[in-house]
Amino acid sequence: MAPNVRLQSWLQLFALTMWSVSTTCGQLYAQDDASSPNTKTESKLEQPKVYSARELDELKESGWKRSKYYGSTEQATLNQPALAAMPLPKLDEFRESISPILQSACIECHGESEQEGNVRIDTLDPNLHTGKDVDWWTEVYAVVSKGEMPPADSGELSEPDRKKIVEWLSTELQTASIVRRQSASHSTFRRMTRYETNYALQDLLGLPWNFANDLPPDAHSDESFQNSSELLHMSVSQFETYHRLARNAISRAIVKGDRPNTLHWGITMKDASRLEWPKQEQQIAKAKKRLESEPEKLKEELARLEESFSKEYSRSYYRDLSSGKTALATWEYDGAKYAMAPSTDPVAVPDSLDHVVILPAGQSINIELGNQVPDEGTLRVRVRASKTKSIQERSPSLQLYFGWQASNEGRALIRVSQTDTPVTAEPGSCEFYQWDVPLGEIHPRNSVRTTSPMGALPSPSEYIRLVNSSASPDEVLIDYVQVQSPVYDSWPPPAHERIFHHSSDSQSESQVAREIIARFMAKAWRRPISEEQCEQKLKLFERLRPECESFEEAIVEVLATVVASPNFLYIVQESAPVQPEVSNTSPAPSRARLTSYELATRLSMFLWCSIPDDELLELASADRLRDVEVLNGQVKRMLADPRSKRFAEQFVQQWLNMELLEFINFREQVPGFDPLLKEAMQREPIALFEELKKENESVLNFVHADYAMVNERLAKHYGMAGVHGNHFRRVPLDGNFKRGGLLTQAGLLAMNSDYPDSHPIKRGKWLLVNLLNDPPPPPPPAVPQIDLANPEIAKMTLKERIEDHRNHAACMACHVKIDPWGIAFENFDAIGRWRDEVKGKPIDASSDLFNKQTLDGMGGLKHFLLENRQDQFVAALVSKVTSYALGRPLKFADRADLESITARVRSQGDGLATLLTAVATSELFQSK
Amino acid sequence: MTLNINRIDRRKFLRGTGIALALPMFGSLSLTGRASPATNPKRLGCFYFADGVPMPLPNDPAYQDWAWFPHGSGKSFQLTKCMETLEPLRDELTILSGFSHVASRNVHGHNNADQFLTAAYTGQGDELYANTISLDQVYAKHVGDHTRFASLVMSTDGGTGTARGAHTMSFDENGRPIPSEHRPKQIFDMLFLKSDQQSARRLALSRSALDDMLTDARSLKQILSNDDRKNLDEYMESVRLAEVKVAKAKKWLDAPLPTVEGAPLNLELTTDEPREYLQTMFEMIYLAFKTDSTRVATYQLGRENGIGRSEHLARAVGFNLSHQLSHETKNPDGWKNFGTFCRFINEEFGRFVDKLQTTPEPAGTGSMLDNTLLLYGSASSAFHLSRNYPLILAGGKNMGFVHGQYINHAGDKFQGGAWMGDREPWQDKATMEDKPLSNLFVTMLQRLGVETNQFADSTGIVEGI
């Protein structure tokens, strides 16, 4: 269900909740080492039931049969909730049949004498349409329909009575939500987020660079998305930053003068190894001198040396193929001795070479380029490489870094390759692998490269580093490295042409300026530009031109105001015409629809995190976007477009609150954890999302899937064999619940842990908040601390401590809702590995939910969710996606629309692409 | 060459500056109407010296004379020979031990000049580099509009230096280094001679652009619903505030430059004459403060780990290279030599403090020192150890600072000793837990009038200063 007022007040308290989790409950773990064996727990422990993947799959089917949408035809659910006439609240029905049930089942604890959990329901206004208590009713509906209330040990509610309440409330909530649409006020006028600004500038300028780094990070709340209108503010320094970055971005897109000369480096490994071989000569000479008088010993020593000169190293080393000799590849910054001089002419690529460098897995080589690498333009690196062994389906991979070291401490090393490049060439047939690096994106560069001479200290030289990033022990062989910079495939470059191209052959600057500015404005503001607006910018041009040194400079200044204008920075919707007064008898008026242009922007912000492309704008201009077929086609196209990857990344990271994972930064050595693993952990949920989106598979696969999306490093972490290479791919699971879906992903488990301990409460809370959209209530003001000084408590196992804590009256209400969910995760350690025991004691991952339902470990949890909570999970995801798509928090008035979208998704098989399409084509999405 | 600042070589001076300066002082330009003669300015100066300080252990014969930190604590402390040049200023300053920035305590000391005023984790080796805003820039954001220059950023080596090898103490709000100026003439010209055509042009462009964006916003507002308009108001307010800032900057550009009188300077000095160079650089700050050209200044006196111009500073006291002195403390007279160099730096800092103290506040009460808060220190103490920073706080009595004390938080638990060529103090387990230096920064900002309870990783304030 959509967050309502009460949930929002919880939200404000969420920080407090987290505080309590980390301070009061955190202490549960603080003395794990000290806890003594607890025989009571061990003796009653039984092995949890193991569910096979097939059983879980069957559950999806049987759980679907329990869904309230089961059996509903698509046609029935597709009908948007539209009301013929304003309905009246069913107050008579409430008085006659609902109120008496509530009286007998609830009032004892939630009435005049007692208000358990500060909830009182006998005073709630039963008029949901206009009454003030609709948010409370929403709560009542949630707890009664899920069977959480009344609790098993107090109060009685027969199934027919429960059904009566649920049905009355469900109808009333639904109609009330529609009735309330009219009075609901919300603003979706918001500025773009930092990441949207960046992508929008990329698409506007046609350059995949980082333009928005200087913007402050956007606020983040646990329940709403970064693009939520109420969170996106503007301050003077932020505005100044927008203006400045707009100017910088446009200046970077254009060029001045003639094409700069390209420098060429052609580096053979013979050149690269030139300092290594003389070291061997020196060793021989030294031995000869030392053992001059002992010819026998000398002979032995020389033989030993000779042998050592052809050994294989575990670090990168050169090999002279003609002699078989090898030498360790070394590098030091001092004196720039390793630098290679560039040539101003292109260097011919030699066919075959007799020197190579071998990079074992994890090893690297620095190719030093000196101090002439330009500030801007493309650095093109081409590496001729191969594998050294031909092993089926196994390829090592390369990463490219850019670095420099000016002095002992003054240095930097920046990864400039976006993805790992698999080296697939077979031994003996090297192939070129290429990277194009925009130099302007590298920060920080060596700041002394223009002031300090080569060879001096601080060293002005810079280098590239090639890293074998394989997780398998596979070597990369390199025989030639070609570097060119700056490379411009055309001049002026396309981004420049994109701005300055004009058809007018007029000599008049203002004629040309008009064409340039009008085209840029229409794209940036994503709607038709009026004559007045164009005229205004042209006047600005005329005013700025005398202050500027060139036509181009004046254009940059004007275009910067186009970008820093609210027309670019904000998602604009024209106000709808005023609706006539609504009376109880008049038909419910239809909502104001977005214009085609507004819809184009909402679509592109949703699925691309950016501005619309030409095709969308053209359709908008023909007003065809509101045509259902056209809209469906566009959504399909947009989902297939590479730009939709941005949506997958942003949505998944925010939906799952993956910022927590970002913060995990083990400075100390944590066994089993390394940067490669962290990257894979961050990638995994996104990879699963993209797979479901691409294949339109059921979103229930987020709960459990019979495959995992992994790369080699992650597979190793999960103990899965036969996965090679750093790319993510779909790997079938061998029929158990330990992996598959989101719940068992290492990164998500790790970020909800408190290394070295797991953290059941964080995990339970995360599941409830992020996946089930069912946040637990806030902690009461006085949460008692867990008294670790008490020897009885210190002796307890973790689970017992949690249970003990829960037994305090003040803690009970919340923890009974959180803990069992989290304890079910206990078989996963603090970095998400499966474990059967902890410190020699078997894991007990079983505990009882409300109503004594047992959640037995991960298998039990998945089982329960698939059997009983399919509707809740799908509705929760619909809710999250819709809130993100609209860029605003959802309100009670949206309830009926969400219900209709959920119904459509469920009846069409729960596919993720279906869900996204259902949201994007819903009436809600197309309304202001 | 001119060797003594007090002996005026008029010819050289004229060659250096191009003009003679003998005009009346120029006070603060009243922009807002709030600056009255009775309102004392609040200034901040921060100074960094490199490579730590002598930290002989108590059983070392050099401990008595050459330890940087005084002996004793509270009001009762003795300055060693290393520090005794500051004795006349004893009541104007507070010495502190046992403070450091939390994030970088386990990092090799030579990496840490970058974070002295920021408290960021700036890392080591090939780690990704990121920094955050420095103390002086936080204050400059607060007070910068009141003067022609928001802040003055200086160093001995110039520019930004490299990541983890900073030549500047100042970092902007995005954590980017602000280039420092090391040439006295450039600083002088900027302060007192140059009219900035480029800035004037830039401002004119900004003004037109801002006007235009406000027009955009106004016409956009027409088509928005009432709910949406509230959101747009934030934007319009931001543009208006940006216009106010431009208008202020414009006033400064149009205002006449201040002029200075007094002893002419040799502005062509370099570190070839280290003592005179330091004196001249301090003089630049003195003049900038006195003319109210800025109220914020940083000066990084040396660069960590040698290399470059600041390596020459030790020549003032007869040694060849500065950095090496910190390595050779196990040699005979090693502590003394290193201490002698530090004494020289202390002496020049003291000369500057003294000058501020003996100059009455041009448009206010007390001495300039009473209205100027100075922080002087380094990001390492014992050999490469990023803890127990040597720190002196001076001036600012009109802001409520109480001086004449040694806040000896480290006590006798400090780490030190000569480097014997093997394990270094920074690699050892810490013998005590330092206090977060950010807490001192919060206290400083509060006394400077910035309403804040937080700087970087601060956990509170420092009481009793």
# chains A, B, ... in the order shown; residues from 1 in each chain; ligands from 1

call {"tool": "interface_residues", "arguments": {"of": "chain A", "to": "chain B", "cutoff": "8 Å", "atoms": "only C-alpha atoms", "output": "PyMOL selection string"}}
result
chain A and resi 185-190+214+233-237+239-240+406-414+444+446-448+457-458+536-537+540+543-544+547+557-558+561-562+564-567+572-576

call {"tool": "write_last_selection", "arguments": {"atoms": "C-alpha atoms", "output": "CSV table (one decimal), in the first residue's frame"}}
result
chain,number,residue,atom,x,y,z
A,185,SER,CA,-2.8,18.3,-4.1
A,186,HIS,CA,0.6,17.2,-5.1
A,187,SER,CA,3.5,18.8,-7.0
A,188,THR,CA,5.6,16.9,-9.5
A,189,PHE,CA,7.3,20.1,-10.5
A,190,ARG,CA,10.8,19.2,-9.4
A,214,ASP,CA,30.3,19.5,-8.6
A,233,HIS,CA,15.6,21.8,-3.2
A,234,MET,CA,17.6,24.7,-4.7
A,235,SER,CA,20.0,27.0,-3.0
A,236,VAL,CA,22.1,29.9,-4.3
A,237,SER,CA,25.3,28.0,-4.2
A,239,PHE,CA,22.2,27.4,-8.6
A,240,GLU,CA,25.7,29.0,-9.1
A,406,ALA,CA,55.5,12.9,-8.8
A,407,SER,CA,57.2,12.2,-5.5
A,408,ASN,CA,57.0,9.6,-2.8
A,409,GLU,CA,53.6,10.6,-1.7
A,410,GLY,CA,52.3,12.7,-4.5
A,411,ARG,CA,50.6,10.3,-6.8
A,412,ALA,CA,47.4,9.0,-8.2
A,413,LEU,CA,46.1,6.0,-10.0
A,414,ILE,CA,42.7,6.1,-11.6
A,444,PRO,CA,43.7,14.5,-10.7
A,446,ASN,CA,49.9,15.4,-12.5
A,447,SER,CA,50.0,19.1,-11.7
A,448,VAL,CA,53.7,19.5,-12.2
A,457,LEU,CA,61.8,15.8,-8.9
A,458,PRO,CA,58.9,16.1,-8.6
A,536,GLN,CA,14.8,36.9,-25.5
A,537,LYS,CA,17.8,34.6,-25.9
A,540,LEU,CA,20.9,38.2,-24.6
A,543,ARG,CA,24.1,42.0,-25.3
A,544,LEU,CA,26.9,39.6,-24.5
A,547,GLU,CA,31.8,41.6,-24.0
A,557,GLU,CA,27.3,32.0,-22.5
A,558,VAL,CA,23.8,32.1,-24.0
A,561,THR,CA,21.7,30.2,-19.5
A,562,VAL,CA,19.5,27.8,-21.5
A,564,ALA,CA,20.8,26.8,-16.0
A,565,SER,CA,17.2,28.0,-16.8
A,566,PRO,CA,14.4,26.3,-14.8
A,567,ASN,CA,13.0,25.2,-18.2
A,572,VAL,CA,7.7,21.3,-16.1
A,573,GLN,CA,4.0,20.7,-16.3
A,574,GLU,CA,1.6,23.4,-17.3
A,575,SER,CA,-1.2,23.9,-14.8
A,576,ALA,CA,-4.4,22.1,-15.8

call {"tool": "residues_around", "arguments": {"residues": "Arg295 of chain B", "least_positions_apart": "6", "cutoff": "8 Å", "atoms": "only C-alpha atoms", "output": "ChimeraX atom specification"}}
result
/B:41-44,140,143-144,147,150-151,288-289

call {"tool": "select_by_dssp", "arguments": {"residues": "segment 96-166 of chain B", "states": "helix (DSSP H, G or I)", "output": "list in words"}}
result
Gly109, His110, Asn111, Asn112, Ala113, Asp114, Gln115, Leu135, Asp136, Gln137, Val138, Tyr139, Ala140, Lys141, His142, Val143, Gly144, Asp145 and His146 of chain B

call {"tool": "select_by_dssp", "arguments": {"residues": "segment 132-364 of chain A", "states": "strand (DSSP E)", "output": "list of chain:residue names"}}
result
A:Arg190, A:Arg191, A:Leu263, A:His264, A:Trp265, A:Gly266, A:Ile267, A:Thr268, A:Tyr317, A:Tyr318, A:Arg319, A:Asp320, A:Thr326, A:Ala327, A:Leu328, A:His355, A:Val356, A:Val357, A:Ile358, A:Leu359, A:Ser364

call {"tool": "write_last_selection", "arguments": {"atoms": "C-alpha atoms", "output": "tab-separated table (two decimals), in the first residue's frame"}}
result
chain	number	residue	atom	x	y	z
A	190	ARG	CA	10.80	19.22	-9.38
A	191	ARG	CA	14.33	19.81	-10.45
A	263	LEU	CA	51.36	12.27	-30.66
A	264	HIS	CA	52.12	8.62	-31.34
A	265	TRP	CA	53.72	6.07	-29.10
A	266	GLY	CA	54.58	2.66	-30.57
A	267	ILE	CA	55.95	0.58	-27.76
A	268	THR	CA	57.49	-2.82	-28.33
A	317	TYR	CA	57.83	-10.36	-16.56
A	318	TYR	CA	59.31	-9.95	-20.01
A	319	ARG	CA	60.27	-12.83	-22.23
A	320	ASP	CA	62.69	-12.73	-25.13
A	326	THR	CA	62.95	-13.73	-18.92
A	327	ALA	CA	63.24	-10.66	-16.72
A	328	LEU	CA	60.99	-9.21	-14.08
A	355	HIS	CA	59.81	-9.68	-26.93
A	356	VAL	CA	56.61	-10.04	-24.93
A	357	VAL	CA	55.41	-9.26	-21.45
A	358	ILE	CA	53.46	-11.82	-19.45
A	359	LEU	CA	50.91	-10.57	-16.92
A	364	SER	CA	50.11	-5.29	-14.09

call {"tool": "atom_distance", "arguments": {"atom1": "atom CA of Leu538 of chain A", "atom2": "atom CA of Ile611 of chain A"}}
result
23.7 Å

call {"tool": "closest_residue", "arguments": {"among": "B:Ala62, B:Ile133, B:Ala363, B:Leu193", "to": "Thr39 of chain B", "atoms": "only C-alpha atoms"}}
result
B:Ala363

call {"tool": "residues_around", "arguments": {"residues": "Val437 of chain A", "least_positions_apart": "5", "cutoff": "9 Å", "atoms": "only C-alpha atoms", "output": "list in words"}}
result
Gly377, Thr378, Leu379, Arg380, Val381, Val416, Ser417 and Ile442 of chain A

call {"tool": "atom_distance", "arguments": {"atom1": "atom CA of Asp505 of chain A", "atom2": "atom CA of Glu542 of chain A"}}
result
19.4 Å

call {"tool": "residues_around", "arguments": {"residues": "Met681 of chain A", "least_positions_apart": "3", "cutoff": "8 Å", "atoms": "only C-alpha atoms", "output": "MDAnalysis selection string"}}
result
chainID A and resid 677:678 684:685 714 745:748

call {"tool": "atom_distance", "arguments": {"atom1": "atom CA of Arg183 of chain B", "atom2": "atom CA of Val373 of chain A"}}
result
28.1 Å

call {"tool": "residues_around", "arguments": {"residues": "Leu477 of chain A", "least_positions_apart": "6", "cutoff": "12 Å", "atoms": "only C-alpha atoms", "output": "PyMOL selection string"}}
result
chain A and resi 269+316-319+321+355-361+363-365+383-389+395-398+423-432+466-468

call {"tool": "write_last_selection", "arguments": {"atoms": "C-alpha atoms", "output": "PDB file, in the first residue's frame"}}
result
ATOM      1  CA  MET A 269      58.233  -4.930 -25.304  1.00  0.00           C
ATOM      2  CA  SER A 316      54.754  -9.499 -14.545  1.00  0.00           C
ATOM      3  CA  TYR A 317      57.831 -10.357 -16.562  1.00  0.00           C
ATOM      4  CA  TYR A 318      59.308  -9.951 -20.009  1.00  0.00           C
ATOM      5  CA  ARG A 319      60.275 -12.826 -22.225  1.00  0.00           C
ATOM      6  CA  LEU A 321      61.132 -15.334 -27.404  1.00  0.00           C
ATOM      7  CA  HIS A 355      59.807  -9.682 -26.928  1.00  0.00           C
ATOM      8  CA  VAL A 356      56.606 -10.037 -24.934  1.00  0.00           C
ATOM      9  CA  VAL A 357      55.415  -9.260 -21.455  1.00  0.00           C
ATOM     10  CA  ILE A 358      53.455 -11.821 -19.447  1.00  0.00           C
ATOM     11  CA  LEU A 359      50.912 -10.565 -16.920  1.00  0.00           C
ATOM     12  CA  PRO A 360      49.842 -13.245 -14.442  1.00  0.00           C
ATOM     13  CA  ALA A 361      46.364 -12.795 -12.923  1.00  0.00           C
ATOM     14  CA  GLN A 363      49.490  -8.383 -12.022  1.00  0.00           C
ATOM     15  CA  SER A 364      50.105  -5.293 -14.092  1.00  0.00           C
ATOM     16  CA  ILE A 365      52.588  -3.326 -16.124  1.00  0.00           C
ATOM     17  CA  VAL A 383      47.154  -3.312 -26.831  1.00  0.00           C
ATOM     18  CA  ARG A 384      48.118  -6.363 -28.856  1.00  0.00           C
ATOM     19  CA  ALA A 385      47.560  -9.333 -26.595  1.00  0.00           C
ATOM     20  CA  SER A 386      46.585 -12.967 -26.301  1.00  0.00           C
ATOM     21  CA  LYS A 387      46.049 -15.689 -23.770  1.00  0.00           C
ATOM     22  CA  THR A 388      49.013 -17.875 -22.977  1.00  0.00           C
ATOM     23  CA  LYS A 389      47.029 -21.080 -22.662  1.00  0.00           C
ATOM     24  CA  SER A 395      39.593 -15.846 -20.971  1.00  0.00           C
ATOM     25  CA  PRO A 396      41.618 -13.503 -18.821  1.00  0.00           C
ATOM     26  CA  SER A 397      40.623  -9.846 -18.862  1.00  0.00           C
ATOM     27  CA  LEU A 398      42.343  -6.474 -18.903  1.00  0.00           C
ATOM     28  CA  VAL A 423      41.321 -11.231 -23.909  1.00  0.00           C
ATOM     29  CA  THR A 424      40.003 -13.973 -26.144  1.00  0.00           C
ATOM     30  CA  ALA A 425      42.839 -14.231 -28.678  1.00  0.00           C
ATOM     31  CA  GLU A 426      44.365 -17.700 -28.715  1.00  0.00           C
ATOM     32  CA  PRO A 427      48.044 -18.148 -27.928  1.00  0.00           C
ATOM     33  CA  GLY A 428      50.160 -17.297 -30.937  1.00  0.00           C
ATOM     34  CA  SER A 429      47.578 -15.099 -32.606  1.00  0.00           C
ATOM     35  CA  CYS A 430      47.575 -11.805 -30.777  1.00  0.00           C
ATOM     36  CA  GLU A 431      44.800  -9.313 -31.417  1.00  0.00           C
ATOM     37  CA  PHE A 432      44.421  -5.619 -30.693  1.00  0.00           C
ATOM     38  CA  LEU A 466      47.500  -2.514 -17.850  1.00  0.00           C
ATOM     39  CA  VAL A 467      46.087  -4.870 -15.253  1.00  0.00           C
ATOM     40  CA  ASN A 468      45.210  -8.507 -15.700  1.00  0.00           C
TER      41      ASN A 468
END

call {"tool": "closest_residue", "arguments": {"among": "B:Tyr139, B:Arg387, B:Leu313, B:Pro362", "to": "Thr452 of chain B", "atoms": "only C-alpha atoms"}}
result
B:Tyr139

call {"tool": "residues_around", "arguments": {"residues": "Glu691 of chain A", "least_positions_apart": "3", "cutoff": "12 Å", "atoms": "only C-alpha atoms", "output": "PyMOL selection string"}}
result
chain A and resi 639-640+645+648+684-688+694-699+701-702+705+707-710+728-731+741+911-913

call {"tool": "decode", "arguments": {"residues": "segment 306-331 of chain B", "atoms": "C-alpha atoms", "output": "short mmCIF file (atom, residue, chain, number, x, y, z; two decimals), in the first residue's frame"}}
result
data_model
loop_
_atom_site.label_atom_id
_atom_site.label_comp_id
_atom_site.auth_asym_id
_atom_site.auth_seq_id
_atom_site.Cartn_x
_atom_site.Cartn_y
_atom_site.Cartn_z
CA GLY B 306 61.39 17.73 0.84
CA ILE B 307 61.72 18.28 -2.90
CA GLY B 308 61.62 21.75 -4.32
CA ARG B 309 61.89 25.24 -2.95
CA SER B 310 60.95 24.60 0.65
CA GLU B 311 63.87 22.18 0.98
CA HIS B 312 66.06 25.30 0.99
CA LEU B 313 64.55 26.84 4.07
CA ALA B 314 67.08 25.11 6.34
CA ARG B 315 69.82 27.19 4.74
CA ALA B 316 68.70 30.03 6.97
CA VAL B 317 70.32 28.19 9.87
CA GLY B 318 73.23 26.66 8.03
CA PHE B 319 71.88 23.32 6.86
CA ASN B 320 71.54 22.23 3.31
CA LEU B 321 68.19 20.47 3.15
CA SER B 322 65.24 20.76 5.51
CA HIS B 323 63.56 17.38 5.24
CA GLN B 324 66.74 15.40 5.89
CA LEU B 325 67.04 16.94 9.36
CA SER B 326 63.99 15.01 10.51
CA HIS B 327 65.58 11.74 9.42
CA GLU B 328 68.96 12.18 11.00
CA THR B 329 68.00 12.66 14.60
CA LYS B 330 69.90 9.60 15.79
CA ASN B 331 73.17 11.23 14.69
#
